[in-house]
$ cat input.cif   # mmCIF, C-alpha atoms
data_entry
#
loop_
_atom_site.group_PDB
_atom_site.id
_atom_site.type_symbol
_atom_site.label_atom_id
_atom_site.label_comp_id
_atom_site.auth_asym_id
_atom_site.auth_seq_id
_atom_site.Cartn_x
_atom_site.Cartn_y
_atom_site.Cartn_z
ATOM 1 C CA MET A 1 318.324 -47.943 154.005
ATOM 2 C CA GLN A 2 317.806 -44.164 154.014
ATOM 3 C CA ARG A 3 316.505 -44.292 150.434
ATOM 4 C CA THR A 4 314.046 -47.037 151.404
ATOM 5 C CA LEU A 5 312.751 -44.978 154.316
ATOM 6 C CA LYS A 6 312.269 -41.973 152.033
ATOM 7 C CA CYS A 7 310.336 -44.107 149.557
ATOM 8 C CA LEU A 8 308.088 -45.460 152.303
ATOM 9 C CA ALA A 9 307.525 -41.959 153.663
ATOM 10 C CA ALA A 10 306.643 -40.691 150.189
ATOM 11 C CA LEU A 11 304.207 -43.583 149.685
ATOM 12 C CA ALA A 12 302.502 -42.886 153.003
ATOM 13 C CA LEU A 13 302.301 -39.209 152.139
ATOM 14 C CA GLY A 14 300.652 -40.054 148.818
ATOM 15 C CA VAL A 15 297.924 -41.949 150.663
ATOM 16 C CA VAL A 16 297.349 -38.944 152.959
ATOM 17 C CA LEU A 17 297.159 -36.539 150.019
ATOM 18 C CA GLN A 18 294.647 -38.745 148.216
ATOM 19 C CA ALA A 19 292.469 -38.945 151.320
ATOM 20 C CA GLN A 20 292.614 -35.173 151.649
ATOM 21 C CA ALA A 21 291.616 -34.767 147.993
ATOM 22 C CA ASP A 22 288.358 -36.632 148.680
ATOM 23 C CA GLU A 23 287.218 -34.179 151.400
ATOM 24 C CA PRO A 24 284.619 -31.450 150.664
ATOM 25 C CA LEU A 25 286.227 -28.021 150.554
ATOM 26 C CA SER A 26 286.016 -25.652 153.518
ATOM 27 C CA GLY A 27 287.728 -22.615 154.995
ATOM 28 C CA THR A 28 290.575 -21.074 153.014
ATOM 29 C CA LEU A 29 290.479 -23.635 150.215
ATOM 30 C CA GLU A 30 286.791 -22.962 149.646
ATOM 31 C CA LYS A 31 287.481 -19.214 149.675
ATOM 32 C CA ILE A 32 290.262 -19.611 147.099
ATOM 33 C CA GLN A 33 288.132 -21.843 144.883
ATOM 34 C CA LYS A 34 285.248 -19.351 144.819
ATOM 35 C CA SER A 35 287.440 -16.302 144.199
ATOM 36 C CA GLY A 36 289.960 -17.949 141.884
ATOM 37 C CA VAL A 37 292.665 -16.042 143.771
ATOM 38 C CA ILE A 38 295.212 -16.832 146.483
ATOM 39 C CA VAL A 39 296.952 -13.953 148.248
ATOM 40 C CA LEU A 40 300.517 -14.501 149.441
ATOM 41 C CA GLY A 41 301.877 -12.117 152.055
ATOM 42 C CA HIS A 42 305.548 -11.281 151.596
ATOM 43 C CA ARG A 43 308.193 -9.135 153.226
ATOM 44 C CA GLU A 44 309.991 -6.402 151.305
ATOM 45 C CA SER A 45 313.496 -6.724 152.754
ATOM 46 C CA SER A 46 313.810 -9.979 154.751
ATOM 47 C CA VAL A 47 316.690 -11.436 152.722
ATOM 48 C CA PRO A 48 316.847 -14.311 151.835
ATOM 49 C CA PHE A 49 313.381 -15.374 153.004
ATOM 50 C CA SER A 50 311.136 -12.876 151.264
ATOM 51 C CA TYR A 51 312.227 -9.676 149.531
ATOM 52 C CA TYR A 52 312.106 -7.748 146.257
ATOM 53 C CA ASP A 53 314.501 -8.497 143.423
ATOM 54 C CA ASP A 54 315.523 -5.844 140.887
ATOM 55 C CA GLN A 55 312.203 -6.305 139.061
ATOM 56 C CA GLN A 56 310.222 -5.641 142.261
ATOM 57 C CA LYS A 57 309.201 -9.285 142.273
ATOM 58 C CA PRO A 58 309.006 -11.033 145.676
ATOM 59 C CA VAL A 59 311.570 -13.835 145.822
ATOM 60 C CA GLY A 60 313.324 -15.929 148.464
ATOM 61 C CA TYR A 61 313.390 -19.177 150.373
ATOM 62 C CA SER A 62 309.954 -18.682 151.949
ATOM 63 C CA MET A 63 308.541 -17.655 148.578
ATOM 64 C CA ASP A 64 309.799 -20.900 147.016
ATOM 65 C CA LEU A 65 308.088 -22.880 149.769
ATOM 66 C CA CYS A 66 304.852 -20.918 149.367
ATOM 67 C CA LEU A 67 304.832 -21.321 145.597
ATOM 68 C CA ALA A 68 305.199 -25.075 146.093
ATOM 69 C CA VAL A 69 302.114 -24.895 148.319
ATOM 70 C CA VAL A 70 300.325 -22.921 145.593
ATOM 71 C CA ALA A 71 301.141 -25.717 143.140
ATOM 72 C CA GLY A 72 299.552 -28.157 145.586
ATOM 73 C CA ILE A 73 296.470 -25.953 145.886
ATOM 74 C CA LYS A 74 296.113 -25.739 142.105
ATOM 75 C CA GLN A 75 296.226 -29.527 141.927
ATOM 76 C CA ARG A 76 293.775 -29.923 144.802
ATOM 77 C CA LEU A 77 291.287 -27.460 143.286
ATOM 78 C CA HIS A 78 291.920 -28.481 139.651
ATOM 79 C CA GLN A 79 292.555 -24.813 138.893
ATOM 80 C CA GLU A 80 295.805 -24.467 136.972
ATOM 81 C CA ASN A 81 294.905 -20.852 136.124
ATOM 82 C CA LEU A 82 294.576 -19.841 139.778
ATOM 83 C CA THR A 83 295.598 -16.188 140.181
ATOM 84 C CA VAL A 84 298.403 -15.512 142.673
ATOM 85 C CA ARG A 85 298.403 -12.038 144.203
ATOM 86 C CA PHE A 86 301.225 -10.656 146.308
ATOM 87 C CA GLN A 87 300.580 -8.477 149.353
ATOM 88 C CA PRO A 88 303.480 -6.723 151.143
ATOM 89 C CA VAL A 89 303.423 -7.198 154.917
ATOM 90 C CA ASN A 90 305.650 -6.079 157.760
ATOM 91 C CA SER A 91 306.318 -7.062 161.352
ATOM 92 C CA SER A 92 303.511 -4.876 162.660
ATOM 93 C CA ASN A 93 300.648 -5.806 160.322
ATOM 94 C CA ARG A 94 301.344 -9.380 159.182
ATOM 95 C CA ILE A 95 299.177 -11.094 161.819
ATOM 96 C CA ALA A 96 296.286 -8.661 161.379
ATOM 97 C CA LEU A 97 296.298 -9.093 157.583
ATOM 98 C CA VAL A 98 296.149 -12.877 157.954
ATOM 99 C CA LYS A 99 293.377 -12.702 160.550
ATOM 100 C CA ASN A 100 291.162 -10.329 158.561
ATOM 101 C CA GLY A 101 291.414 -12.408 155.375
ATOM 102 C CA THR A 102 293.566 -10.021 153.335
ATOM 103 C CA VAL A 103 296.397 -12.579 153.219
ATOM 104 C CA ASP A 104 295.823 -16.323 152.823
ATOM 105 C CA LEU A 105 299.396 -17.501 153.369
ATOM 106 C CA GLU A 106 302.233 -15.436 154.823
ATOM 107 C CA CYS A 107 305.628 -16.185 153.304
ATOM 108 C CA GLY A 108 308.149 -14.307 155.386
ATOM 109 C CA SER A 109 310.342 -14.768 158.421
ATOM 110 C CA THR A 110 307.797 -15.258 161.195
ATOM 111 C CA ALA A 111 308.540 -17.242 164.342
ATOM 112 C CA ASN A 112 305.992 -19.764 165.570
ATOM 113 C CA TYR A 113 305.191 -18.812 169.160
ATOM 114 C CA LEU A 114 302.588 -20.399 171.397
ATOM 115 C CA GLU A 115 301.221 -16.934 172.182
ATOM 116 C CA ARG A 116 300.770 -16.169 168.474
ATOM 117 C CA GLN A 117 298.795 -19.369 168.023
ATOM 118 C CA LYS A 118 295.955 -17.681 169.908
ATOM 119 C CA GLU A 119 295.477 -15.530 166.807
ATOM 120 C CA VAL A 120 296.866 -17.450 163.816
ATOM 121 C CA ALA A 121 298.094 -20.895 162.774
ATOM 122 C CA PHE A 122 301.487 -22.105 161.589
ATOM 123 C CA SER A 123 302.863 -24.765 159.283
ATOM 124 C CA LEU A 124 305.616 -27.254 159.953
ATOM 125 C CA SER A 125 308.836 -25.467 160.864
ATOM 126 C CA THR A 126 310.778 -24.227 157.849
ATOM 127 C CA PHE A 127 313.795 -22.663 159.574
ATOM 128 C CA TRP A 128 315.530 -22.315 162.953
ATOM 129 C CA VAL A 129 317.051 -19.109 164.281
ATOM 130 C CA SER A 130 318.805 -17.605 167.264
ATOM 131 C CA LYS A 131 319.277 -13.906 168.048
ATOM 132 C CA ARG A 132 322.535 -11.988 167.635
ATOM 133 C CA PHE A 133 323.740 -8.391 167.646
ATOM 134 C CA ILE A 134 325.375 -6.669 164.698
ATOM 135 C CA ALA A 135 327.538 -3.567 165.112
ATOM 136 C CA LYS A 136 330.175 -1.567 163.288
ATOM 137 C CA ALA A 137 333.388 -3.563 162.917
ATOM 138 C CA ASN A 138 335.453 -0.672 164.298
ATOM 139 C CA SER A 139 333.277 -0.277 167.403
ATOM 140 C CA PRO A 140 334.531 -1.296 170.867
ATOM 141 C CA TYR A 141 331.631 -3.736 171.317
ATOM 142 C CA LYS A 142 332.392 -7.452 171.211
ATOM 143 C CA ALA A 143 329.567 -8.976 173.267
ATOM 144 C CA LEU A 144 326.318 -8.048 174.993
ATOM 145 C CA ASP A 145 327.889 -6.925 178.275
ATOM 146 C CA ASP A 146 330.025 -4.401 176.374
ATOM 147 C CA LEU A 147 326.847 -2.595 175.350
ATOM 148 C CA LYS A 148 325.990 -1.540 178.918
ATOM 149 C CA GLY A 149 324.451 1.937 178.845
ATOM 150 C CA ALA A 150 324.468 2.092 175.039
ATOM 151 C CA ALA A 151 321.644 2.725 172.606
ATOM 152 C CA VAL A 152 320.533 -0.404 170.752
ATOM 153 C CA VAL A 153 317.839 -0.919 168.143
ATOM 154 C CA VAL A 154 315.256 -3.581 167.333
ATOM 155 C CA THR A 155 312.651 -3.624 164.568
ATOM 156 C CA GLN A 156 309.165 -2.643 165.687
ATOM 157 C CA GLY A 157 306.605 -5.415 165.974
ATOM 158 C CA THR A 158 309.159 -8.213 166.296
ATOM 159 C CA ASP A 159 309.575 -10.708 169.121
ATOM 160 C CA THR A 160 313.177 -9.525 169.500
ATOM 161 C CA ALA A 161 311.963 -6.494 171.439
ATOM 162 C CA LEU A 162 310.670 -8.742 174.222
ATOM 163 C CA LEU A 163 313.934 -10.691 174.417
ATOM 164 C CA ILE A 164 316.158 -7.635 174.574
ATOM 165 C CA ARG A 165 314.060 -6.109 177.356
ATOM 166 C CA LYS A 166 314.334 -9.364 179.284
ATOM 167 C CA LEU A 167 318.130 -9.449 178.859
ATOM 168 C CA ASN A 168 318.313 -5.774 179.803
ATOM 169 C CA ASP A 169 316.473 -6.389 183.071
ATOM 170 C CA GLU A 170 318.282 -9.618 183.962
ATOM 171 C CA ARG A 171 321.758 -8.172 183.395
ATOM 172 C CA ASN A 172 321.023 -4.626 184.559
ATOM 173 C CA LEU A 173 322.499 -3.234 181.349
ATOM 174 C CA ASN A 174 320.627 0.091 181.274
ATOM 175 C CA LEU A 175 320.263 -0.179 177.499
ATOM 176 C CA LYS A 176 318.518 2.611 175.602
ATOM 177 C CA ILE A 177 316.203 0.546 173.397
ATOM 178 C CA GLN A 178 315.089 2.173 170.148
ATOM 179 C CA THR A 179 312.981 0.829 167.260
ATOM 180 C CA GLY A 180 313.273 0.911 163.480
ATOM 181 C CA LYS A 181 310.259 0.589 161.192
ATOM 182 C CA ASP A 182 311.888 -2.336 159.351
ATOM 183 C CA HIS A 183 315.175 -4.232 159.336
ATOM 184 C CA ALA A 184 316.746 -1.897 156.774
ATOM 185 C CA GLU A 185 316.060 1.155 158.946
ATOM 186 C CA SER A 186 317.291 -0.635 162.076
ATOM 187 C CA LEU A 187 320.639 -1.378 160.437
ATOM 188 C CA LEU A 188 320.830 2.184 159.090
ATOM 189 C CA MET A 189 320.568 3.440 162.664
ATOM 190 C CA VAL A 190 323.731 1.463 163.446
ATOM 191 C CA THR A 191 325.697 2.542 160.382
ATOM 192 C CA THR A 192 324.787 6.214 160.967
ATOM 193 C CA GLY A 193 325.740 6.069 164.650
ATOM 194 C CA ARG A 194 322.278 6.500 166.126
ATOM 195 C CA ALA A 195 322.534 3.054 167.765
ATOM 196 C CA ALA A 196 325.519 0.988 168.849
ATOM 197 C CA ALA A 197 324.067 -2.357 167.790
ATOM 198 C CA PHE A 198 321.023 -3.982 166.193
ATOM 199 C CA MET A 199 319.611 -7.259 167.507
ATOM 200 C CA GLU A 200 317.689 -9.635 165.277
ATOM 201 C CA ASP A 201 317.652 -13.250 164.082
ATOM 202 C CA ASP A 202 321.140 -14.471 163.215
ATOM 203 C CA ILE A 203 320.321 -15.216 159.585
ATOM 204 C CA LEU A 204 318.697 -11.830 159.036
ATOM 205 C CA VAL A 205 321.628 -9.818 160.378
ATOM 206 C CA SER A 206 324.009 -12.088 158.434
ATOM 207 C CA SER A 207 322.010 -11.333 155.300
ATOM 208 C CA LEU A 208 321.992 -7.603 155.941
ATOM 209 C CA ARG A 209 325.746 -7.646 156.400
ATOM 210 C CA ALA A 210 326.283 -9.687 153.222
ATOM 211 C CA LYS A 211 324.365 -7.218 151.068
ATOM 212 C CA ASP A 212 325.923 -4.082 152.601
ATOM 213 C CA ARG A 213 328.139 -2.013 150.290
ATOM 214 C CA ASP A 214 331.050 -2.873 152.589
ATOM 215 C CA PRO A 215 330.336 -6.107 154.524
ATOM 216 C CA SER A 216 333.703 -5.842 156.288
ATOM 217 C CA SER A 217 332.485 -2.674 158.030
ATOM 218 C CA LEU A 218 330.010 -4.714 160.067
ATOM 219 C CA ARG A 219 330.429 -7.680 162.389
ATOM 220 C CA LEU A 220 328.263 -9.939 164.503
ATOM 221 C CA LEU A 221 328.931 -9.748 168.216
ATOM 222 C CA GLU A 222 329.825 -12.838 170.219
ATOM 223 C CA GLY A 223 327.037 -14.913 171.726
ATOM 224 C CA SER A 224 323.594 -15.958 170.561
ATOM 225 C CA PHE A 225 320.326 -15.880 172.446
ATOM 226 C CA GLY A 226 317.199 -17.986 172.354
ATOM 227 C CA GLY A 227 316.126 -20.270 169.533
ATOM 228 C CA ASP A 228 312.932 -20.220 167.505
ATOM 229 C CA PRO A 229 311.309 -21.989 164.552
ATOM 230 C CA TYR A 230 310.152 -20.032 161.523
ATOM 231 C CA ALA A 231 307.017 -21.243 159.758
ATOM 232 C CA LEU A 232 304.455 -20.198 157.158
ATOM 233 C CA MET A 233 301.469 -18.445 158.735
ATOM 234 C CA PHE A 234 297.750 -18.664 157.920
ATOM 235 C CA ARG A 235 294.340 -18.384 159.555
ATOM 236 C CA LYS A 236 293.638 -20.585 162.545
ATOM 237 C CA ASP A 237 290.892 -23.170 162.939
ATOM 238 C CA ASP A 238 291.310 -24.345 159.348
ATOM 239 C CA PRO A 239 292.568 -27.946 159.609
ATOM 240 C CA GLN A 240 291.988 -28.678 155.914
ATOM 241 C CA PHE A 241 294.244 -25.854 154.746
ATOM 242 C CA LYS A 242 296.865 -26.644 157.391
ATOM 243 C CA ALA A 243 296.914 -30.289 156.268
ATOM 244 C CA LEU A 244 297.547 -29.276 152.660
ATOM 245 C CA VAL A 245 300.304 -26.836 153.615
ATOM 246 C CA ASP A 246 301.981 -29.299 155.991
ATOM 247 C CA ASN A 247 301.730 -32.230 153.601
ATOM 248 C CA THR A 248 303.308 -30.156 150.830
ATOM 249 C CA LEU A 249 306.178 -29.094 153.081
ATOM 250 C CA ARG A 250 306.635 -32.639 154.351
ATOM 251 C CA GLU A 251 306.897 -33.897 150.781
ATOM 252 C CA LEU A 252 309.530 -31.246 150.025
ATOM 253 C CA MET A 253 311.535 -32.310 153.066
ATOM 254 C CA VAL A 254 311.253 -36.047 152.349
ATOM 255 C CA SER A 255 312.212 -35.615 148.694
ATOM 256 C CA GLY A 256 315.178 -33.350 149.431
ATOM 257 C CA GLN A 257 313.663 -30.443 147.500
ATOM 258 C CA ALA A 258 313.531 -28.291 150.644
ATOM 259 C CA THR A 259 317.296 -28.761 151.045
ATOM 260 C CA THR A 260 317.738 -27.693 147.410
ATOM 261 C CA PHE A 261 315.746 -24.551 148.150
ATOM 262 C CA TYR A 262 317.926 -23.940 151.218
ATOM 263 C CA ASP A 263 321.173 -24.304 149.279
ATOM 264 C CA ARG A 264 319.865 -21.950 146.603
ATOM 265 C CA TRP A 265 319.175 -19.094 149.013
ATOM 266 C CA PHE A 266 321.688 -19.537 151.829
ATOM 267 C CA LEU A 267 324.786 -20.994 150.171
ATOM 268 C CA SER A 268 324.685 -19.683 146.584
ATOM 269 C CA PRO A 269 324.747 -16.239 144.934
ATOM 270 C CA ILE A 270 321.276 -14.678 145.101
ATOM 271 C CA PRO A 271 319.616 -11.808 143.236
ATOM 272 C CA PRO A 272 319.728 -8.973 142.666
ATOM 273 C CA ALA A 273 323.412 -8.376 143.487
ATOM 274 C CA ASN A 274 324.598 -12.011 143.464
ATOM 275 C CA ILE A 275 325.700 -11.872 147.080
ATOM 276 C CA THR A 276 326.389 -15.117 148.935
ATOM 277 C CA ILE A 277 325.241 -15.200 152.541
ATOM 278 C CA GLY A 278 327.192 -18.379 153.304
ATOM 279 C CA PHE A 279 324.959 -19.591 156.133
ATOM 280 C CA PRO A 280 325.253 -23.397 156.581
ATOM 281 C CA MET A 281 322.071 -25.196 157.555
ATOM 282 C CA PRO A 282 321.670 -25.100 161.368
ATOM 283 C CA ALA A 283 321.903 -28.515 163.007
ATOM 284 C CA HIS A 284 318.424 -28.163 164.474
ATOM 285 C CA LEU A 285 316.931 -27.454 161.050
ATOM 286 C CA LYS A 286 318.509 -30.658 159.727
ATOM 287 C CA GLU A 287 316.710 -32.468 162.542
ATOM 288 C CA LEU A 288 313.427 -30.748 161.642
ATOM 289 C CA PHE A 289 313.769 -31.780 158.003
ATOM 290 C CA ALA A 290 314.381 -35.366 159.102
ATOM 291 C CA ALA A 291 311.468 -35.305 161.581
ATOM 292 C CA PRO A 292 309.089 -32.461 160.602
ATOM 293 C CA SER A 293 307.388 -30.683 163.494
ATOM 294 C CA ASP A 294 305.128 -27.692 164.030
ATOM 295 C CA LYS A 295 306.022 -27.348 167.700
ATOM 296 C CA PRO A 296 306.163 -23.680 168.742
ATOM 297 C CA THR A 297 308.339 -21.987 171.318
ATOM 298 C CA SER A 298 306.596 -20.754 174.420
#

$ encode --input "input.cif" --output "structure tokens"
Amino acid sequence: MQRTLKCLAALALGVVLQAQADEPLSGTLEKIQKSGVIVLGHRESSVPFSYYDDQQKPVGYSMDLCLAVVAGIKQRLHQENLTVRFQPVNSSNRIALVKNGTVDLECGSTANYLERQKEVAFSLSTFWVSKRFIAKANSPYKALDDLKGAAVVVTQGTDTALLIRKLNDERNLNLKIQTGKDHAESLLMVTTGRAAAFMEDDILVSSLRAKDRDPSSLRLLEGSFGGDPYALMFRKDDPQFKALVDNTLRELMVSGQATTFYDRWFLSPIPPANITIGFPMPAHLKELFAAPSDKPTS
């Protein structure tokens, strides 16, 4: 029965893709056709979504998804020799670089928020995260309330900063909130004693711990907070490009290829050090693969 449903879904998707192929080009697709170039924005250290391998090549789960979209664009434009350029982005500049046309498709670890949709657009959800703290394993901190009065760190430009301030006010924790320029620096502030704990998406702190020289020296604190969908990001008011991106992702989910990508990056050894994060697919992401959605969080 499940196989039949997948076949029907794939057939319906094929009809949609053919209809899309008959439309005149506009927006981002027209831009890419004229320039012969698509620019993918990528993160430098957001393991396993988007980061550099030992050859300084951007790799990761989000990169695999974006490259599948690129394959769809090549087919749509009949341009197999389309040039793919890679543009590093960070938490602070990623939205601006998409808005000003520097980046056509951002392939990182960006949450789809309703507020952000005032500036940019998002694909179907590709991941689901909650927030957790990471601290030294030998520290006295086990949960959020233990951090009362302590210095904690978040990465600048991330949505996590808003959440931690909200928790700080609601629980009267008197936290000393600091910022790191990227996730690597934020964790370094913990390992060097400048902050007691670092709060970020559960998969990102799990990844940082897994690739540390001594993973046993770090631990995630008890409790998780919030829940957000990750998605690919691109310019808003471009329904043709969004349709191509979403239809490509939907096809990956229906076919099971998206699950293969997931297993490759979250459950298997990954470059460059062959670490295994060991992060089983969240239940909510399984639901999103079964019923794709681009619904944001408020």

$ resolve_selection --input "input.cif" --expression "the PyMOL selection byres ((chain A and resi 276) around 9)" --output "ChimeraX atom specification"
/A:207,210-211,265-270,274-275,277-279

$ resolve_selection --input "input.cif" --expression "the PyMOL selection byres ((chain A and resi 220-232) around 8)" --output "ChimeraX atom specification"
/A:62,66,105-112,122-135,141-144,202,205-206,218-219,233-234,294,296-297

$ write_last_selection --input "input.cif" --atoms "C-alpha atoms" --output "mmCIF file, in the frame of the given file"
data_model
loop_
_atom_site.group_PDB
_atom_site.id
_atom_site.type_symbol
_atom_site.label_atom_id
_atom_site.label_comp_id
_atom_site.auth_asym_id
_atom_site.auth_seq_id
_atom_site.Cartn_x
_atom_site.Cartn_y
_atom_site.Cartn_z
ATOM 1 C CA SER A 62 309.954 -18.682 151.949
ATOM 2 C CA CYS A 66 304.852 -20.918 149.367
ATOM 3 C CA LEU A 105 299.396 -17.501 153.369
ATOM 4 C CA GLU A 106 302.233 -15.436 154.823
ATOM 5 C CA CYS A 107 305.628 -16.185 153.304
ATOM 6 C CA GLY A 108 308.149 -14.307 155.386
ATOM 7 C CA SER A 109 310.342 -14.768 158.421
ATOM 8 C CA THR A 110 307.797 -15.258 161.195
ATOM 9 C CA ALA A 111 308.540 -17.242 164.342
ATOM 10 C CA ASN A 112 305.992 -19.764 165.570
ATOM 11 C CA PHE A 122 301.487 -22.105 161.589
ATOM 12 C CA SER A 123 302.863 -24.765 159.283
ATOM 13 C CA LEU A 124 305.616 -27.254 159.953
ATOM 14 C CA SER A 125 308.836 -25.467 160.864
ATOM 15 C CA THR A 126 310.778 -24.227 157.849
ATOM 16 C CA PHE A 127 313.795 -22.663 159.574
ATOM 17 C CA TRP A 128 315.530 -22.315 162.953
ATOM 18 C CA VAL A 129 317.051 -19.109 164.281
ATOM 19 C CA SER A 130 318.805 -17.605 167.264
ATOM 20 C CA LYS A 131 319.277 -13.906 168.048
ATOM 21 C CA ARG A 132 322.535 -11.988 167.635
ATOM 22 C CA PHE A 133 323.740 -8.391 167.646
ATOM 23 C CA ILE A 134 325.375 -6.669 164.698
ATOM 24 C CA ALA A 135 327.538 -3.567 165.112
ATOM 25 C CA TYR A 141 331.631 -3.736 171.317
ATOM 26 C CA LYS A 142 332.392 -7.452 171.211
ATOM 27 C CA ALA A 143 329.567 -8.976 173.267
ATOM 28 C CA LEU A 144 326.318 -8.048 174.993
ATOM 29 C CA ASP A 202 321.140 -14.471 163.215
ATOM 30 C CA VAL A 205 321.628 -9.818 160.378
ATOM 31 C CA SER A 206 324.009 -12.088 158.434
ATOM 32 C CA LEU A 218 330.010 -4.714 160.067
ATOM 33 C CA ARG A 219 330.429 -7.680 162.389
ATOM 34 C CA MET A 233 301.469 -18.445 158.735
ATOM 35 C CA PHE A 234 297.750 -18.664 157.920
ATOM 36 C CA ASP A 294 305.128 -27.692 164.030
ATOM 37 C CA PRO A 296 306.163 -23.680 168.742
ATOM 38 C CA THR A 297 308.339 -21.987 171.318
#

$ atom_distance --input "input.cif" --atom1 "CA of Arg209 in chain A" --atom2 "CA of Pro272 in chain A"
15.1 Å

$ resolve_selection --input "input.cif" --expression "the PyMOL selection byres ((chain A and resi 258) around 12)" --output "number ranges by chain"
A: 61-66, 68, 125-127, 248-257, 259-265, 281, 285-286, 288-290, 292

$ closest_residue --input "input.cif" --among "A:Gln117, A:Val245, A:Pro24, A:Ser35" --to "Val69 in chain A" --atoms "all atoms listed in the file"
A:Val245

$ closest_residue --input "input.cif" --among "A:Glu200, A:Glu119, A:Glu23, A:Asp104" --to "Ser46 in chain A" --atoms "all atoms listed in the file"
A:Glu200

$ axis_aligned_box --input "input.cif" --around "range 27-34 of chain A" --padding-each-side "3 Å" --output "JSON"
{"center_x": 287.9, "center_y": -21.4, "center_z": 149.9, "size_x": 11.3, "size_y": 10.4, "size_z": 16.2}

$ residues_around --input "input.cif" --residues "Glu80 in chain A" --least-positions-apart "4" --cutoff "10 Å" --atoms "only C-alpha atoms" --output "list in words"
Val70, Ala71, Ile73, Lys74, Gln75 and Arg76 of chain A

$ write_last_selection --input "input.cif" --atoms "C-alpha atoms" --output "PDB file, keeping the file's coordinate frame"
ATOM      1  CA  VAL A  70     300.325 -22.921 145.593  1.00  0.00           C
ATOM      2  CA  ALA A  71     301.141 -25.717 143.140  1.00  0.00           C
ATOM      3  CA  ILE A  73     296.470 -25.953 145.886  1.00  0.00           C
ATOM      4  CA  LYS A  74     296.113 -25.739 142.105  1.00  0.00           C
ATOM      5  CA  GLN A  75     296.226 -29.527 141.927  1.00  0.00           C
ATOM      6  CA  ARG A  76     293.775 -29.923 144.802  1.00  0.00           C
TER       7      ARG A  76
END

$ atom_distance --input "input.cif" --atom1 "CA of Gly101 in chain A" --atom2 "CA of Thr160 in chain A"
26.1 Å
